[in-house]
Every structure is written in structure tokens, then in C-alpha cells.
>>> print(open('coords26.txt').read())   # compact mmCIF, N, CA and C atoms
# COMPACT_ATOMS: atom_id res chain seq x y z
N MET A 115 -29.76 6.33 246.96
CA MET A 115 -28.47 6.03 247.53
C MET A 115 -27.43 6.98 246.92
N VAL A 116 -26.64 7.59 247.76
CA VAL A 116 -25.61 8.51 247.33
C VAL A 116 -24.35 7.73 246.99
N LYS A 117 -23.78 8.02 245.83
CA LYS A 117 -22.56 7.35 245.42
C LYS A 117 -21.37 8.20 245.82
N GLU A 118 -20.32 7.55 246.25
CA GLU A 118 -19.11 8.26 246.63
C GLU A 118 -18.01 7.95 245.62
N TYR A 119 -17.24 8.98 245.30
CA TYR A 119 -16.14 8.85 244.35
C TYR A 119 -14.87 9.36 245.00
N ASP A 120 -13.79 8.64 244.77
CA ASP A 120 -12.48 9.08 245.25
C ASP A 120 -11.82 9.80 244.07
N ILE A 121 -11.80 11.14 244.13
CA ILE A 121 -11.30 11.91 242.99
C ILE A 121 -9.80 11.78 242.77
N SER A 122 -9.12 11.11 243.68
CA SER A 122 -7.70 10.88 243.45
C SER A 122 -7.45 9.65 242.57
N LYS A 123 -8.50 8.89 242.30
CA LYS A 123 -8.37 7.69 241.47
C LYS A 123 -8.93 7.98 240.07
N PRO A 124 -8.12 7.77 239.04
CA PRO A 124 -8.59 8.03 237.66
C PRO A 124 -9.83 7.22 237.27
N ASN A 125 -9.93 5.98 237.74
CA ASN A 125 -11.11 5.17 237.40
C ASN A 125 -12.39 5.76 237.97
N ASP A 126 -12.32 6.28 239.18
CA ASP A 126 -13.49 6.90 239.79
C ASP A 126 -13.88 8.17 239.05
N ILE A 127 -12.92 8.92 238.60
CA ILE A 127 -13.22 10.15 237.84
C ILE A 127 -13.91 9.79 236.53
N ARG A 128 -13.39 8.79 235.82
CA ARG A 128 -14.01 8.36 234.56
C ARG A 128 -15.43 7.84 234.79
N LYS A 129 -15.62 7.08 235.87
CA LYS A 129 -16.94 6.55 236.18
C LYS A 129 -17.91 7.70 236.51
N PHE A 130 -17.45 8.68 237.28
CA PHE A 130 -18.28 9.84 237.61
C PHE A 130 -18.68 10.61 236.36
N ILE A 131 -17.74 10.86 235.47
CA ILE A 131 -18.03 11.59 234.23
C ILE A 131 -19.01 10.81 233.36
N ARG A 132 -18.83 9.51 233.23
CA ARG A 132 -19.73 8.68 232.42
C ARG A 132 -21.15 8.70 232.99
N GLU A 133 -21.27 8.56 234.32
CA GLU A 133 -22.59 8.58 234.94
C GLU A 133 -23.24 9.96 234.84
N LEU A 134 -22.46 11.01 234.93
CA LEU A 134 -22.99 12.37 234.78
C LEU A 134 -23.49 12.60 233.35
N GLU A 135 -22.73 12.16 232.36
CA GLU A 135 -23.15 12.30 230.97
C GLU A 135 -24.42 11.50 230.69
N ASN A 136 -24.52 10.29 231.24
CA ASN A 136 -25.72 9.47 231.06
C ASN A 136 -26.94 10.14 231.69
N GLU A 137 -26.78 10.72 232.86
CA GLU A 137 -27.89 11.39 233.52
C GLU A 137 -28.31 12.64 232.73
N MET A 138 -27.36 13.37 232.19
CA MET A 138 -27.68 14.55 231.38
C MET A 138 -28.43 14.14 230.11
N ASP A 139 -28.01 13.07 229.45
CA ASP A 139 -28.71 12.58 228.26
C ASP A 139 -30.14 12.16 228.61
N HIS A 140 -30.30 11.50 229.75
CA HIS A 140 -31.63 11.06 230.19
C HIS A 140 -32.53 12.27 230.44
N GLN A 141 -32.02 13.27 231.13
CA GLN A 141 -32.82 14.47 231.42
C GLN A 141 -33.19 15.21 230.14
N LYS A 142 -32.24 15.28 229.20
CA LYS A 142 -32.51 15.93 227.91
C LYS A 142 -33.62 15.20 227.16
N THR A 143 -33.53 13.89 227.11
CA THR A 143 -34.54 13.09 226.42
C THR A 143 -35.91 13.25 227.06
N MET A 144 -35.97 13.22 228.37
CA MET A 144 -37.24 13.37 229.07
C MET A 144 -37.84 14.75 228.81
N GLY A 145 -37.02 15.78 228.80
CA GLY A 145 -37.51 17.13 228.54
C GLY A 145 -38.06 17.27 227.13
N ILE A 146 -37.36 16.73 226.16
CA ILE A 146 -37.81 16.82 224.76
C ILE A 146 -39.08 16.01 224.55
N ASN A 147 -39.20 14.87 225.21
CA ASN A 147 -40.40 14.04 225.06
C ASN A 147 -41.65 14.73 225.61
N GLN A 148 -41.48 15.68 226.52
CA GLN A 148 -42.63 16.38 227.08
C GLN A 148 -43.00 17.62 226.27
N MET A 149 -42.17 18.01 225.32
CA MET A 149 -42.43 19.19 224.51
C MET A 149 -43.48 18.87 223.44
N THR A 150 -44.10 19.93 222.92
CA THR A 150 -45.00 19.79 221.78
C THR A 150 -44.44 20.60 220.61
N PHE A 151 -44.81 20.20 219.41
CA PHE A 151 -44.27 20.81 218.19
C PHE A 151 -45.41 21.15 217.25
N ASP A 152 -45.28 22.27 216.55
CA ASP A 152 -46.27 22.67 215.55
C ASP A 152 -45.83 22.14 214.18
N ILE A 153 -46.68 21.32 213.57
CA ILE A 153 -46.41 20.78 212.23
C ILE A 153 -47.68 20.87 211.40
N ASN A 154 -47.55 20.66 210.12
CA ASN A 154 -48.72 20.58 209.24
C ASN A 154 -49.22 19.14 209.22
N CYS A 155 -50.53 18.99 209.32
CA CYS A 155 -51.14 17.66 209.27
C CYS A 155 -50.78 17.01 207.94
N PRO A 156 -50.28 15.77 207.96
CA PRO A 156 -49.91 15.13 206.71
C PRO A 156 -51.10 14.84 205.79
N GLU A 157 -52.31 14.82 206.32
CA GLU A 157 -53.49 14.51 205.52
C GLU A 157 -54.14 15.77 204.93
N CYS A 158 -54.41 16.76 205.80
CA CYS A 158 -55.17 17.93 205.32
C CYS A 158 -54.33 19.22 205.25
N GLY A 159 -53.11 19.22 205.80
CA GLY A 159 -52.23 20.37 205.71
C GLY A 159 -52.45 21.46 206.76
N THR A 160 -53.39 21.27 207.67
CA THR A 160 -53.67 22.24 208.72
C THR A 160 -52.55 22.22 209.77
N LEU A 161 -52.20 23.37 210.31
CA LEU A 161 -51.18 23.46 211.36
C LEU A 161 -51.73 22.88 212.65
N ILE A 162 -51.03 21.89 213.22
CA ILE A 162 -51.48 21.24 214.45
C ILE A 162 -50.32 21.14 215.43
N ASN A 163 -50.65 20.93 216.69
CA ASN A 163 -49.68 20.80 217.76
C ASN A 163 -49.58 19.32 218.12
N VAL A 164 -48.37 18.73 218.04
CA VAL A 164 -48.20 17.30 218.30
C VAL A 164 -47.12 17.07 219.35
N LYS A 165 -47.15 15.89 219.94
CA LYS A 165 -46.12 15.46 220.88
C LYS A 165 -45.41 14.25 220.27
N ASN A 166 -44.33 13.85 220.89
CA ASN A 166 -43.59 12.68 220.43
C ASN A 166 -44.47 11.45 220.62
N GLY A 167 -44.62 10.64 219.58
CA GLY A 167 -45.41 9.43 219.66
C GLY A 167 -46.65 9.48 218.77
N LEU A 168 -47.65 8.70 219.13
CA LEU A 168 -48.87 8.58 218.34
C LEU A 168 -49.77 9.79 218.56
N ASN A 169 -50.25 10.39 217.47
CA ASN A 169 -51.11 11.56 217.52
C ASN A 169 -52.32 11.34 216.63
N ARG A 170 -53.44 12.00 216.97
CA ARG A 170 -54.65 11.95 216.15
C ARG A 170 -55.17 13.36 216.02
N TYR A 171 -55.37 13.77 214.78
CA TYR A 171 -55.92 15.09 214.51
C TYR A 171 -57.42 14.97 214.43
N SER A 172 -58.14 15.74 215.27
CA SER A 172 -59.59 15.56 215.41
C SER A 172 -60.39 16.00 214.19
N SER A 173 -59.94 17.01 213.45
CA SER A 173 -60.74 17.51 212.32
C SER A 173 -60.82 16.51 211.18
N CYS A 174 -59.70 15.93 210.79
CA CYS A 174 -59.74 14.98 209.67
C CYS A 174 -59.65 13.53 210.16
N ASN A 175 -59.55 13.34 211.50
CA ASN A 175 -59.49 12.03 212.12
C ASN A 175 -58.32 11.19 211.63
N GLU A 176 -57.25 11.85 211.21
CA GLU A 176 -56.05 11.16 210.74
C GLU A 176 -55.16 10.83 211.95
N GLN A 177 -54.68 9.60 212.00
CA GLN A 177 -53.79 9.16 213.05
C GLN A 177 -52.39 8.99 212.45
N PHE A 178 -51.37 9.53 213.12
CA PHE A 178 -50.00 9.40 212.62
C PHE A 178 -49.03 9.37 213.78
N ASN A 179 -47.84 8.87 213.50
CA ASN A 179 -46.80 8.72 214.49
C ASN A 179 -45.72 9.76 214.26
N PHE A 180 -45.41 10.55 215.27
CA PHE A 180 -44.38 11.58 215.19
C PHE A 180 -43.24 11.14 216.10
N ASN A 181 -42.11 10.74 215.53
CA ASN A 181 -40.98 10.24 216.32
C ASN A 181 -39.78 11.16 216.17
N LEU A 182 -39.09 11.36 217.29
CA LEU A 182 -37.85 12.14 217.30
C LEU A 182 -36.69 11.17 217.42
N ASP A 183 -35.65 11.41 216.64
CA ASP A 183 -34.46 10.56 216.65
C ASP A 183 -33.36 11.31 217.40
N PHE A 184 -32.91 10.74 218.53
CA PHE A 184 -31.90 11.39 219.36
C PHE A 184 -30.49 10.95 219.03
N SER A 185 -30.31 10.03 218.11
CA SER A 185 -28.96 9.55 217.78
C SER A 185 -28.25 10.56 216.89
N LEU A 186 -27.00 10.74 217.16
CA LEU A 186 -26.19 11.65 216.34
C LEU A 186 -25.03 10.90 215.74
>>> encode(input="coords26.txt", output="C-alpha cells")
Amino acid sequence: MVKEYDISKPNDIRKFIRELENEMDHQKTMGINQMTFDINCPECGTLINVKNGLNRYSSCNEQFNFNLDFSL
């Protein structure tokens, strides 16, 4: 559904800006969650590629949680 805003009304402008910022934050979060990162395995120290969330390194069978904090 397409939303309509009356740009002559200050409340509509504020609502449009707030919704635009929320959508940008959502897109940023989704993009970062799909990325992978190179880190050293906390158990054996080998360089591995991980994603946000629960990861398991196959060589040492270590399972760990890699979380990104988006709050500033």
C-alpha cells in the first residue's frame, strides 16, 4: 500500500522522515546480518569466516555465538 503525505503539513513531514529513517535502519541491519566476517576461532586461533549468530567451526568442533550490537 502506498502512503500519501501532504508536504504542506509539518506533521506529515515529520512522519515521513521518521518512517524513512526506520526503513533505512531496517535495510542497514538486514544488509549487515547477511555479511560474513573473518575472525580468529576462540578455541584454536585459526582464521575463520563467521556470520551473525550461532557458528560452528568444523576443525575443532567449537560452537560459539557471534553477535553484532547495532545500538549507538
>>> select_by_dssp(input="coords26.txt", residues="region 118-169 of chain A", states="strand (DSSP E or B)", output="MDAnalysis selection string")
chainID A and resid 150:154 161:165 167:169
>>> atom_distance(input="coords26.txt", atom1="CA of Leu168 (chain A)", atom2="CA of Cys155 (chain A)")
13.0 Å
>>> residues_around(input="coords26.txt", residues="Ile153 (chain A)", least_positions_apart="2", cutoff="7 Å", atoms="all atoms listed in the file", output="ChimeraX atom specification")
/A:151,155-156,159-164
>>> residues_near_point(input="coords26.txt", point="(-40.9, 12.4, 220.8)", cutoff="7 Å", atoms="only N, CA and C atoms", output="MDAnalysis selection string")
chainID A and resid 146:148 165:167 180:183
